Amino acid sequence: MSTTHKESDAYQNASGGWGSVKAVASILIQEKAPVETSRVLIHQNKPDGFMCVSCSWAKPAHPHRFEFCENGAKATAWDLTSRRVDPGFFQQHTLAELEQWHDHELEDAGRLCAPMRWDAAQNKYVEVAWEDAFAEIGRELRAMEPDAAVFYTSGRASLETAYMYQLFARMYGTNNLPDSSNMCHESTSVGLKAAIGVGVGTITLDDFKHTDLMFFFGQNVGTNSPRMLHDLQEARERGVPIITFNPIREPGLVSFVNPQSPTQMLKPGATQISTQYHQLKVGGDSAAIVGICKAVIEADSRAQAEGASRILDTAFIEEHTTGFDDFARYVRDVSWEELEQRCGLPRAALTEAADEYIRAKAVIIHFGMGLTQHRMGVQNVRMVVNLLLLRGNIGKPGAGPSPIRGHSNVQGQRTVGVTEKPELAPLDKLASQYHFEPPRDKGMATVDACQGVIDGRVRAMFQLGGNLVRSVPDRYAIEPAWRKLRLTVNIATKLNRSHLVHGEVSYLLPCLSRIEIDERMGNAQAVAMEDSTGCMHGSRGVAHPASDRLLSEPAIVAGIAKATLDPASVDWDAWSNDYALVRDAIAETYPDIFHDFNARMWTPGGFHRPLAARERKWKTESGKAEFMTPETLHEDPDMPERGPDDLRLFTVRSDSQFNTTIYTLDDRFRGVHGTRMVILMNQQDIERQGLEADAEVSLEAVSPDGKNRRVDGFRIMPFDLPAGCIAGYYPECNPLIPLSHHAKESKVPAAKAIPVRIVKARPA
Ligand SMILES: Nc1nc2c(c(=O)[nH]1)N[C@H]1C(S)=C(S)[C@@H](COP(=O)(O)OP(=O)(O)OC[C@H]3O[C@@H](n4cnc5c(=O)[nH]c(N)nc54)[C@H](O)[C@@H]3O)O[C@H]1N2
Ligand SMILES: Nc1nc2c(c(=O)[nH]1)N[C@H]1C(S)=C(S)[C@@H](COP(=O)(O)OP(=O)(O)OC[C@H]3O[C@@H](n4cnc5c(=O)[nH]c(N)nc54)[C@H](O)[C@@H]3O)O[C@H]1N2
Ligand SMILES: [Mo]
């Protein structure tokens, strides 16, 4: 049942606060860029400044003086480091040598400075001229079947770059356009699209002023979207309750001190964030939400019997939804015992949450990777919608689903056509706008592309940002397969493992960070992105570029496109010299969203894309918002039976990383220092497995295909977690995830419930 909370030596203080100020100062010093960086930080997330390269949380029209958080400051300092990985660095280090470096050391070596080509004779990267790089990449691509090439995007590149990239891939002849969303919120995009007709959240920052209850399912705000803490704090000061479902008591969801409010910093005591905190079992969310729905529907039946006013919003359900009767029947039939067993929480916890839900008139549900990275990830998202629909909590002020996206423009890249799903791209429009016949076949999502690399079907891998050999599952199969690729092209700011595990022909093309001034033909360029709330913002770099041999991402994409495609209806040079022209083209493709793009991008607080669901117009198959009856409440229908020693591993991010970028080896909030090779485990599980704190162990995947997936060298750390669930860090644990262990329908790797077993280290 629900674990009682006992602090390990984890962080005892609120998130934010002095700890956060200290952490910002120390990262500035670590990166040796204090003066420039502190000047630059003033412009972070400000109208006419640059949009933070860290998370995708909304940027307000009236920003705070310092509109950034500890992690945003770290991300900025990381890009503006004074360290350089220049051609001389590569002369000193062979790739064989660099392969021995830790991920942290690779990126910490500094910013890439010049375009590089892998030289087989020396096993080194050597400098090339940009034009020669483009020409050879073009030749390679022209000699290949288009569907053998994959064009991955990590969610950081701007709307302009993303639009150019997808157009280039399609003109070349493929829909192989996977992006980081495939490992992230794709379960949301699929689930929300089917349920309410739009694949994105429906709330805006304004809704925080009107809401009277918020939920958090599987999102760690203090680490992954800390600027949002301001909005939560303001809501808490109005007395808005917050209910959290998370197997770990994350300090950022428990309490908060605003480091930018001098009065708060001086006063003892922090704002309590979560008013209810439920430590459910990993993968227990569908069951927990069905439990809340059951309590709501039962309360409604009682109200009806007593002649009191209804609890369900029956008018809304009648007019706007389908599938309610089936769902309600399912909910009435499922037993409390089953729900308790599946989510690991007592009925009382679920009814306590339901009581609060019933009292509230406008409810927002925030959610993150804890819901999406599961075999039943899409269903989890559908259950969020079910709960909202019961009381008409979509399409009114202060209410709606709020998926908190990851990378700062991951949502926007999808909006402008980066997708492997042809039905989501405006192919007819592109055909008429650019006079070509776009490919109509389904492209590869990220896990398909990885399978394609393993099978040999994929011959070329482009990464516009990202570090796939680290971020995807099944590393032991992936790395050797990656080395058999014909062509690998990495457009990146910093060196990472994926640049070392390369194809026969391999290029490392360094780009500007968007924090940097991007001048083309003497004119400073700006770019735009979409935040988690569907709002577009302009962004203008303010720092000096790390090297004069860098090109911007749009210029690199244009260079490759021009060298690959026949002279066509796109003037790539003109686009790469004036991004306003790209925005005009985007506006022509998507007039509803992007009309007058160049003028509107500087609207303080950004401009919102129209979202039909916000107006209660449902672009679904039935034309209504759709309730979904769950298929199963089992977290992993393929593996219903567990052995007595089997555990479920969920992978988490530390306070000091951005995905595969590891800033330091500490996780201040969880009390982990100097190492990431720890397994967090409940004390009873430790004893039951005959282990003790600090014991050295290996983890072994329990997988049906019988392949050996094992990672050595972990230490056990007692932690307050539900029984049977253990936690470890991403990406260190990724070799344990079978590629096939991904969400049904969305294919998001199920990184939050990996079946594993602990193997004790043999005594030396
Ligand atoms: N500083 C920093 N910021 C980031 C990132 C980063 O790495 N560092 N990454 C960015 C990206 S790309 C993304 S996608 C987001 C990710 O941000 P989040 O969505 O917050 O993702 P995670 O940190 O992976 O996990 C979130 C939470 O889910 C909980 N959890 C795990 N399993 C379950 C479960 O079964 N049920 C429930 N209810 N909870 C569960 C974990 O304990 C954790 O607190 O952050 C973005 N922002
Ligand atoms: N086990 C497990 N696996 C996971 C997850 C998990 O929670 N658990 N999370 C998944 C999620 S949510 C995501 S989003 C993926 C992320 O996976 P990826 O997209 O593959 O990885 P990132 O770590 O975000 O990419 C980091 C690299 O991007 C490059 N980069 C940084 N800034 C820029 C820029 O401005 N331009 C360009 N061109 N390059 C840049 C740098 O070289 C850096 O090394 O990982 C997924 N994998
Ligand atoms: Mo993500």
# chains A, B, ... in the order shown; residues from 1 in each chain; ligands from 1

$ residues_near_ligand --ligand "ligand 1" --cutoff "7 Å" --atoms "only C-alpha atoms and all ligand atoms" --output "PDB file with N, CA, C and O atoms, in the first residue's frame"
ATOM      1  N   SER A  54      16.608  25.429 -22.477  1.00  0.00           N
ATOM      2  CA  SER A  54      16.318  24.293 -21.604  1.00  0.00           C
ATOM      3  C   SER A  54      14.878  23.832 -21.826  1.00  0.00           C
ATOM      4  O   SER A  54      14.585  23.238 -22.853  1.00  0.00           O
ATOM      5  N   CYS A  55      13.978  24.120 -20.947  1.00  0.00           N
ATOM      6  CA  CYS A  55      12.653  23.494 -21.065  1.00  0.00           C
ATOM      7  C   CYS A  55      11.697  24.319 -21.921  1.00  0.00           C
ATOM      8  O   CYS A  55      12.028  25.392 -22.407  1.00  0.00           O
ATOM      9  N   ASN A  71      18.088  25.798 -13.614  1.00  0.00           N
ATOM     10  CA  ASN A  71      18.480  24.907 -14.697  1.00  0.00           C
ATOM     11  C   ASN A  71      18.585  25.636 -16.037  1.00  0.00           C
ATOM     12  O   ASN A  71      19.397  25.277 -16.879  1.00  0.00           O
ATOM     13  N   CYS A 184       9.090  10.701 -26.035  1.00  0.00           N
ATOM     14  CA  CYS A 184       8.767  11.694 -25.021  1.00  0.00           C
ATOM     15  C   CYS A 184       7.242  11.818 -24.898  1.00  0.00           C
ATOM     16  O   CYS A 184       6.602  10.993 -24.275  1.00  0.00           O
ATOM     17  N   HIS A 185       6.674  12.838 -25.536  1.00  0.00           N
ATOM     18  CA  HIS A 185       5.232  13.073 -25.399  1.00  0.00           C
ATOM     19  C   HIS A 185       4.427  12.544 -26.583  1.00  0.00           C
ATOM     20  O   HIS A 185       3.289  12.965 -26.775  1.00  0.00           O
ATOM     21  N   PHE A 217       0.647  14.470 -12.574  1.00  0.00           N
ATOM     22  CA  PHE A 217       0.905  13.036 -12.763  1.00  0.00           C
ATOM     23  C   PHE A 217       2.258  12.872 -13.457  1.00  0.00           C
ATOM     24  O   PHE A 217       2.412  13.261 -14.625  1.00  0.00           O
ATOM     25  N   GLY A 218       3.243  12.330 -12.728  1.00  0.00           N
ATOM     26  CA  GLY A 218       4.489  11.945 -13.390  1.00  0.00           C
ATOM     27  C   GLY A 218       5.229  13.074 -14.070  1.00  0.00           C
ATOM     28  O   GLY A 218       5.735  12.888 -15.174  1.00  0.00           O
ATOM     29  N   GLN A 219       5.282  14.229 -13.437  1.00  0.00           N
ATOM     30  CA  GLN A 219       6.100  15.313 -13.977  1.00  0.00           C
ATOM     31  C   GLN A 219       6.842  15.929 -12.801  1.00  0.00           C
ATOM     32  O   GLN A 219       6.268  16.134 -11.741  1.00  0.00           O
ATOM     33  N   ASN A 220       8.118  16.207 -13.019  1.00  0.00           N
ATOM     34  CA  ASN A 220       8.961  16.667 -11.921  1.00  0.00           C
ATOM     35  C   ASN A 220       9.313  18.132 -12.129  1.00  0.00           C
ATOM     36  O   ASN A 220      10.383  18.477 -12.633  1.00  0.00           O
ATOM     37  N   VAL A 221       8.404  18.990 -11.722  1.00  0.00           N
ATOM     38  CA  VAL A 221       8.489  20.408 -12.067  1.00  0.00           C
ATOM     39  C   VAL A 221       9.754  21.073 -11.532  1.00  0.00           C
ATOM     40  O   VAL A 221      10.374  21.881 -12.225  1.00  0.00           O
ATOM     41  N   THR A 223      12.742  20.125 -11.161  1.00  0.00           N
ATOM     42  CA  THR A 223      13.939  19.842 -11.936  1.00  0.00           C
ATOM     43  C   THR A 223      13.740  20.167 -13.413  1.00  0.00           C
ATOM     44  O   THR A 223      14.622  20.735 -14.049  1.00  0.00           O
ATOM     45  N   ASN A 224      12.587  19.831 -13.958  1.00  0.00           N
ATOM     46  CA  ASN A 224      12.449  19.825 -15.418  1.00  0.00           C
ATOM     47  C   ASN A 224      11.719  21.016 -16.033  1.00  0.00           C
ATOM     48  O   ASN A 224      11.802  21.214 -17.243  1.00  0.00           O
ATOM     49  N   SER A 225      11.009  21.775 -15.230  1.00  0.00           N
ATOM     50  CA  SER A 225      10.361  22.989 -15.752  1.00  0.00           C
ATOM     51  C   SER A 225      10.233  23.992 -14.609  1.00  0.00           C
ATOM     52  O   SER A 225       9.132  24.453 -14.309  1.00  0.00           O
ATOM     53  N   PHE A 245       0.584  12.734  -7.974  1.00  0.00           N
ATOM     54  CA  PHE A 245       0.762  11.278  -8.030  1.00  0.00           C
ATOM     55  C   PHE A 245       2.146  10.999  -8.581  1.00  0.00           C
ATOM     56  O   PHE A 245       2.430  11.308  -9.746  1.00  0.00           O
ATOM     57  N   ASN A 246       3.006  10.465  -7.746  1.00  0.00           N
ATOM     58  CA  ASN A 246       4.389  10.218  -8.166  1.00  0.00           C
ATOM     59  C   ASN A 246       4.988   9.209  -7.190  1.00  0.00           C
ATOM     60  O   ASN A 246       4.806   9.341  -5.986  1.00  0.00           O
ATOM     61  N   PRO A 247       5.692   8.201  -7.687  1.00  0.00           N
ATOM     62  CA  PRO A 247       6.268   7.212  -6.759  1.00  0.00           C
ATOM     63  C   PRO A 247       7.318   7.804  -5.820  1.00  0.00           C
ATOM     64  O   PRO A 247       7.570   7.252  -4.753  1.00  0.00           O
ATOM     65  N   ILE A 248       7.932   8.929  -6.236  1.00  0.00           N
ATOM     66  CA  ILE A 248       8.947   9.570  -5.385  1.00  0.00           C
ATOM     67  C   ILE A 248       8.380  10.870  -4.840  1.00  0.00           C
ATOM     68  O   ILE A 248       7.700  11.594  -5.566  1.00  0.00           O
ATOM     69  N   GLU A 250       9.199  14.113  -4.748  1.00  0.00           N
ATOM     70  CA  GLU A 250      10.179  15.003  -5.360  1.00  0.00           C
ATOM     71  C   GLU A 250      10.149  16.341  -4.615  1.00  0.00           C
ATOM     72  O   GLU A 250       9.087  16.977  -4.534  1.00  0.00           O
ATOM     73  N   LEU A 280       2.229   6.466  -5.725  1.00  0.00           N
ATOM     74  CA  LEU A 280       1.682   5.253  -6.350  1.00  0.00           C
ATOM     75  C   LEU A 280       2.799   4.384  -6.922  1.00  0.00           C
ATOM     76  O   LEU A 280       3.945   4.811  -7.036  1.00  0.00           O
ATOM     77  N   LYS A 281       2.442   3.169  -7.298  1.00  0.00           N
ATOM     78  CA  LYS A 281       3.393   2.268  -7.960  1.00  0.00           C
ATOM     79  C   LYS A 281       3.642   2.752  -9.377  1.00  0.00           C
ATOM     80  O   LYS A 281       2.717   3.259 -10.024  1.00  0.00           O
ATOM     81  N   VAL A 282       4.839   2.538  -9.906  1.00  0.00           N
ATOM     82  CA  VAL A 282       5.054   2.913 -11.310  1.00  0.00           C
ATOM     83  C   VAL A 282       4.069   2.138 -12.184  1.00  0.00           C
ATOM     84  O   VAL A 282       3.777   0.966 -11.928  1.00  0.00           O
ATOM     85  N   GLY A 283       3.563   2.838 -13.171  1.00  0.00           N
ATOM     86  CA  GLY A 283       2.608   2.206 -14.080  1.00  0.00           C
ATOM     87  C   GLY A 283       1.209   2.098 -13.495  1.00  0.00           C
ATOM     88  O   GLY A 283       0.322   1.510 -14.118  1.00  0.00           O
ATOM     89  N   GLY A 284       0.993   2.693 -12.321  1.00  0.00           N
ATOM     90  CA  GLY A 284      -0.312   2.560 -11.670  1.00  0.00           C
ATOM     91  C   GLY A 284      -1.292   3.679 -11.994  1.00  0.00           C
ATOM     92  O   GLY A 284      -2.374   3.741 -11.412  1.00  0.00           O
ATOM     93  N   ASP A 285      -0.928   4.549 -12.928  1.00  0.00           N
ATOM     94  CA  ASP A 285      -1.753   5.752 -13.118  1.00  0.00           C
ATOM     95  C   ASP A 285      -3.126   5.489 -13.717  1.00  0.00           C
ATOM     96  O   ASP A 285      -4.109   6.099 -13.295  1.00  0.00           O
ATOM     97  N   PHE A 367       0.924  16.749 -16.740  1.00  0.00           N
ATOM     98  CA  PHE A 367       1.541  15.422 -16.752  1.00  0.00           C
ATOM     99  C   PHE A 367       2.804  15.379 -17.603  1.00  0.00           C
ATOM    100  O   PHE A 367       3.040  16.236 -18.449  1.00  0.00           O
ATOM    101  N   GLY A 368       3.624  14.368 -17.318  1.00  0.00           N
ATOM    102  CA  GLY A 368       4.910  14.245 -18.002  1.00  0.00           C
ATOM    103  C   GLY A 368       5.258  12.793 -18.271  1.00  0.00           C
ATOM    104  O   GLY A 368       4.374  11.931 -18.460  1.00  0.00           O
ATOM    105  N   MET A 369       6.567  12.535 -18.250  1.00  0.00           N
ATOM    106  CA  MET A 369       7.087  11.229 -18.671  1.00  0.00           C
ATOM    107  C   MET A 369       6.580  10.079 -17.798  1.00  0.00           C
ATOM    108  O   MET A 369       6.563   8.930 -18.241  1.00  0.00           O
ATOM    109  N   GLY A 370       6.183  10.376 -16.560  1.00  0.00           N
ATOM    110  CA  GLY A 370       5.648   9.322 -15.692  1.00  0.00           C
ATOM    111  C   GLY A 370       4.378   8.698 -16.266  1.00  0.00           C
ATOM    112  O   GLY A 370       4.014   7.572 -15.924  1.00  0.00           O
ATOM    113  N   LEU A 371       3.686   9.425 -17.146  1.00  0.00           N
ATOM    114  CA  LEU A 371       2.499   8.855 -17.807  1.00  0.00           C
ATOM    115  C   LEU A 371       2.810   8.321 -19.198  1.00  0.00           C
ATOM    116  O   LEU A 371       2.261   7.308 -19.618  1.00  0.00           O
ATOM    117  N   ILE A 404       3.386  18.690 -20.074  1.00  0.00           N
ATOM    118  CA  ILE A 404       4.542  19.592 -19.991  1.00  0.00           C
ATOM    119  C   ILE A 404       5.606  19.008 -20.904  1.00  0.00           C
ATOM    120  O   ILE A 404       6.192  17.977 -20.586  1.00  0.00           O
ATOM    121  N   ARG A 405       5.815  19.664 -22.033  1.00  0.00           N
ATOM    122  CA  ARG A 405       6.726  19.136 -23.053  1.00  0.00           C
ATOM    123  C   ARG A 405       8.159  19.221 -22.585  1.00  0.00           C
ATOM    124  O   ARG A 405       8.480  19.926 -21.636  1.00  0.00           O
ATOM    125  N   GLY A 406       9.031  18.581 -23.337  1.00  0.00           N
ATOM    126  CA  GLY A 406      10.428  18.516 -22.947  1.00  0.00           C
ATOM    127  C   GLY A 406      11.242  19.618 -23.569  1.00  0.00           C
ATOM    128  O   GLY A 406      11.270  20.748 -23.071  1.00  0.00           O
ATOM    129  N   HIS A 407      11.898  19.322 -24.675  1.00  0.00           N
ATOM    130  CA  HIS A 407      12.759  20.282 -25.341  1.00  0.00           C
ATOM    131  C   HIS A 407      11.994  21.543 -25.687  1.00  0.00           C
ATOM    132  O   HIS A 407      10.790  21.513 -25.958  1.00  0.00           O
ATOM    133  N   PHE A 650      12.313   2.406 -12.974  1.00  0.00           N
ATOM    134  CA  PHE A 650      11.957   3.610 -13.743  1.00  0.00           C
ATOM    135  C   PHE A 650      13.149   4.547 -13.776  1.00  0.00           C
ATOM    136  O   PHE A 650      13.866   4.710 -12.803  1.00  0.00           O
ATOM    137  N   THR A 651      13.399   5.120 -14.961  1.00  0.00           N
ATOM    138  CA  THR A 651      14.583   5.949 -15.140  1.00  0.00           C
ATOM    139  C   THR A 651      14.199   7.412 -14.954  1.00  0.00           C
ATOM    140  O   THR A 651      13.169   7.863 -15.434  1.00  0.00           O
ATOM    141  N   VAL A 652      15.035   8.115 -14.222  1.00  0.00           N
ATOM    142  CA  VAL A 652      14.733   9.522 -13.899  1.00  0.00           C
ATOM    143  C   VAL A 652      15.895  10.414 -14.332  1.00  0.00           C
ATOM    144  O   VAL A 652      16.987   9.953 -14.635  1.00  0.00           O
ATOM    145  N   ARG A 653      15.600  11.723 -14.334  1.00  0.00           N
ATOM    146  CA  ARG A 653      16.620  12.739 -14.607  1.00  0.00           C
ATOM    147  C   ARG A 653      17.064  13.341 -13.291  1.00  0.00           C
ATOM    148  O   ARG A 653      16.247  13.519 -12.391  1.00  0.00           O
ATOM    149  N   SER A 654      18.333  13.725 -13.223  1.00  0.00           N
ATOM    150  CA  SER A 654      18.800  14.401 -12.014  1.00  0.00           C
ATOM    151  C   SER A 654      18.591  15.888 -12.172  1.00  0.00           C
ATOM    152  O   SER A 654      18.291  16.384 -13.264  1.00  0.00           O
ATOM    153  N   ASP A 655      18.824  16.575 -11.091  1.00  0.00           N
ATOM    154  CA  ASP A 655      18.768  18.020 -11.061  1.00  0.00           C
ATOM    155  C   ASP A 655      19.906  18.631 -11.896  1.00  0.00           C
ATOM    156  O   ASP A 655      19.898  19.808 -12.186  1.00  0.00           O
ATOM    157  N   SER A 656      20.882  17.812 -12.256  1.00  0.00           N
ATOM    158  CA  SER A 656      22.065  18.369 -12.903  1.00  0.00           C
ATOM    159  C   SER A 656      22.345  17.711 -14.252  1.00  0.00           C
ATOM    160  O   SER A 656      23.471  17.359 -14.561  1.00  0.00           O
ATOM    161  N   GLN A 657      21.303  17.545 -15.022  1.00  0.00           N
ATOM    162  CA  GLN A 657      21.493  17.033 -16.370  1.00  0.00           C
ATOM    163  C   GLN A 657      20.433  17.648 -17.257  1.00  0.00           C
ATOM    164  O   GLN A 657      19.394  18.099 -16.761  1.00  0.00           O
ATOM    165  N   PHE A 658      20.699  17.698 -18.557  1.00  0.00           N
ATOM    166  CA  PHE A 658      19.623  17.928 -19.509  1.00  0.00           C
ATOM    167  C   PHE A 658      19.667  16.762 -20.470  1.00  0.00           C
ATOM    168  O   PHE A 658      20.513  16.703 -21.364  1.00  0.00           O
ATOM    169  N   ASN A 659      18.787  15.818 -20.285  1.00  0.00           N
ATOM    170  CA  ASN A 659      18.786  14.588 -21.071  1.00  0.00           C
ATOM    171  C   ASN A 659      20.177  13.954 -21.027  1.00  0.00           C
ATOM    172  O   ASN A 659      20.678  13.680 -19.950  1.00  0.00           O
ATOM    173  N   LYS A 752       9.793   4.006 -18.061  1.00  0.00           N
ATOM    174  CA  LYS A 752       9.374   4.167 -16.673  1.00  0.00           C
ATOM    175  C   LYS A 752       8.891   2.857 -16.053  1.00  0.00           C
ATOM    176  O   LYS A 752       8.424   2.875 -14.899  1.00  0.00           O
ATOM    177  N   ALA A 753       8.969   1.765 -16.751  1.00  0.00           N
ATOM    178  CA  ALA A 753       8.620   0.484 -16.110  1.00  0.00           C
ATOM    179  C   ALA A 753       9.359  -0.618 -16.847  1.00  0.00           C
ATOM    180  O   ALA A 753       8.812  -1.340 -17.666  1.00  0.00           O
TER     181      ALA A 753
END

$ residues_around --residues "Pro722 in chain A" --least-positions-apart "6" --cutoff "12 Å" --atoms "only C-alpha atoms" --output "ChimeraX atom specification"
/A:1-6,246-249,278-284,343-345,647-650,680-685

$ atom_distance --atom1 "CA of Asp206 in chain A" --atom2 "CA of Gln411 in chain A"
19.4 Å

$ select_by_dssp --residues "range 510-562 of chain A" --states "alpha helix (DSSP H)" --output "count of residues only"
10

$ atom_distance --atom1 "CA of Thr76 in chain A" --atom2 "CA of Gly605 in chain A"
20.8 Å

$ closest_atom_pairs --of "chain A" --to "ligand 2" --cutoff "6 Å" --atoms "only C-alpha atoms and all ligand atoms" --output "JSON lines"
{"residue": "A:Ser154", "atom": "CA", "partner": "ligand 2", "partner_atom_place_in_ligand_line": "19 (O)", "distance": 3.9}
{"residue": "A:Arg156", "atom": "CA", "partner": "ligand 2", "partner_atom_place_in_ligand_line": "35 (O)", "distance": 5.8}
{"residue": "A:Ala157", "atom": "CA", "partner": "ligand 2", "partner_atom_place_in_ligand_line": "36 (N)", "distance": 5.8}
{"residue": "A:Ser180", "atom": "CA", "partner": "ligand 2", "partner_atom_place_in_ligand_line": "14 (S)", "distance": 4.6}
{"residue": "A:Met183", "atom": "CA", "partner": "ligand 2", "partner_atom_place_in_ligand_line": "10 (C)", "distance": 4.8}
{"residue": "A:Cys184", "atom": "CA", "partner": "ligand 2", "partner_atom_place_in_ligand_line": "12 (S)", "distance": 3.9}
{"residue": "A:Gly406", "atom": "CA", "partner": "ligand 2", "partner_atom_place_in_ligand_line": "14 (S)", "distance": 5.9}
{"residue": "A:Leu464", "atom": "CA", "partner": "ligand 2", "partner_atom_place_in_ligand_line": "38 (N)", "distance": 4.7}
{"residue": "A:Gly465", "atom": "CA", "partner": "ligand 2", "partner_atom_place_in_ligand_line": "39 (N)", "distance": 3.3}
{"residue": "A:Gly466", "atom": "CA", "partner": "ligand 2", "partner_atom_place_in_ligand_line": "25 (O)", "distance": 3.2}
{"residue": "A:Asn467", "atom": "CA", "partner": "ligand 2", "partner_atom_place_in_ligand_line": "20 (O)", "distance": 3.8}
{"residue": "A:Leu468", "atom": "CA", "partner": "ligand 2", "partner_atom_place_in_ligand_line": "20 (O)", "distance": 4.1}
{"residue": "A:Ser471", "atom": "CA", "partner": "ligand 2", "partner_atom_place_in_ligand_line": "47 (N)", "distance": 4.1}
{"residue": "A:Val472", "atom": "CA", "partner": "ligand 2", "partner_atom_place_in_ligand_line": "47 (N)", "distance": 5.4}
{"residue": "A:Ile491", "atom": "CA", "partner": "ligand 2", "partner_atom_place_in_ligand_line": "38 (N)", "distance": 4.6}
{"residue": "A:Ala492", "atom": "CA", "partner": "ligand 2", "partner_atom_place_in_ligand_line": "39 (N)", "distance": 3.6}
{"residue": "A:Thr493", "atom": "CA", "partner": "ligand 2", "partner_atom_place_in_ligand_line": "42 (O)", "distance": 4.6}
{"residue": "A:Lys494", "atom": "CA", "partner": "ligand 2", "partner_atom_place_in_ligand_line": "42 (O)", "distance": 4.0}
{"residue": "A:Leu495", "atom": "CA", "partner": "ligand 2", "partner_atom_place_in_ligand_line": "42 (O)", "distance": 5.5}
{"residue": "A:Asn496", "atom": "CA", "partner": "ligand 2", "partner_atom_place_in_ligand_line": "44 (O)", "distance": 4.9}
{"residue": "A:Ser513", "atom": "CA", "partner": "ligand 2", "partner_atom_place_in_ligand_line": "35 (O)", "distance": 4.5}
{"residue": "A:Thr651", "atom": "CA", "partner": "ligand 2", "partner_atom_place_in_ligand_line": "8 (N)", "distance": 5.0}
{"residue": "A:Val652", "atom": "CA", "partner": "ligand 2", "partner_atom_place_in_ligand_line": "7 (O)", "distance": 5.7}
{"residue": "A:Asn659", "atom": "CA", "partner": "ligand 2", "partner_atom_place_in_ligand_line": "23 (O)", "distance": 4.1}
{"residue": "A:Thr660", "atom": "CA", "partner": "ligand 2", "partner_atom_place_in_ligand_line": "23 (O)", "distance": 3.6}
{"residue": "A:Thr661", "atom": "CA", "partner": "ligand 2", "partner_atom_place_in_ligand_line": "23 (O)", "distance": 5.3}
{"residue": "A:Tyr730", "atom": "CA", "partner": "ligand 2", "partner_atom_place_in_ligand_line": "1 (N)", "distance": 4.5}
{"residue": "A:Pro731", "atom": "CA", "partner": "ligand 2", "partner_atom_place_in_ligand_line": "1 (N)", "distance": 5.3}
{"residue": "A:Asn734", "atom": "CA", "partner": "ligand 2", "partner_atom_place_in_ligand_line": "1 (N)", "distance": 4.8}
{"residue": "A:Ala751", "atom": "CA", "partner": "ligand 2", "partner_atom_place_in_ligand_line": "1 (N)", "distance": 4.6}

$ select_by_dssp --residues "range 87-144 of chain A" --states "strand (DSSP E)" --output "count of residues only"
10

$ closest_residue --among "A:Pro735, A:Gly252, A:Gly503, A:Pro480" --to "Phe462 in chain A" --atoms "only C-alpha atoms"
A:Gly503

$ closest_residue --among "A:Ala58, A:Leu98, A:Leu141, A:Val570" --to "Ala585 in chain A" --atoms "only C-alpha atoms"
A:Val570

$ residues_around --residues "Ala526 in chain A" --least-positions-apart "3" --cutoff "9 Å" --atoms "only C-alpha atoms" --output "JSON, numbers by chain"
{"A": [50, 514, 517, 518, 538, 539, 540, 541, 579, 580]}

$ closest_atom_pairs --of "range 575-689 of chain A" --to "range 699-712 of chain A" --cutoff "9 Å" --atoms "only C-alpha atoms" --output "Markdown table"
| residue | atom | partner | partner_atom | distance |
| --- | --- | --- | --- | --- |
| A:Met639 | CA | A:Pro704 | CA | 8.6 |
| A:Asp646 | CA | A:Val702 | CA | 7.7 |
| A:Met677 | CA | A:Asp712 | CA | 9.0 |

$ write_last_selection --atoms "C-alpha atoms" --output "PDB file, in the first residue's frame"
ATOM      1  CA  MET A 639       4.306  -9.463 -18.771  1.00  0.00           C
ATOM      2  CA  ASP A 646      11.385  -9.126 -10.349  1.00  0.00           C
ATOM      3  CA  MET A 677      25.458   4.779 -10.731  1.00  0.00           C
TER       4      MET A 677
END
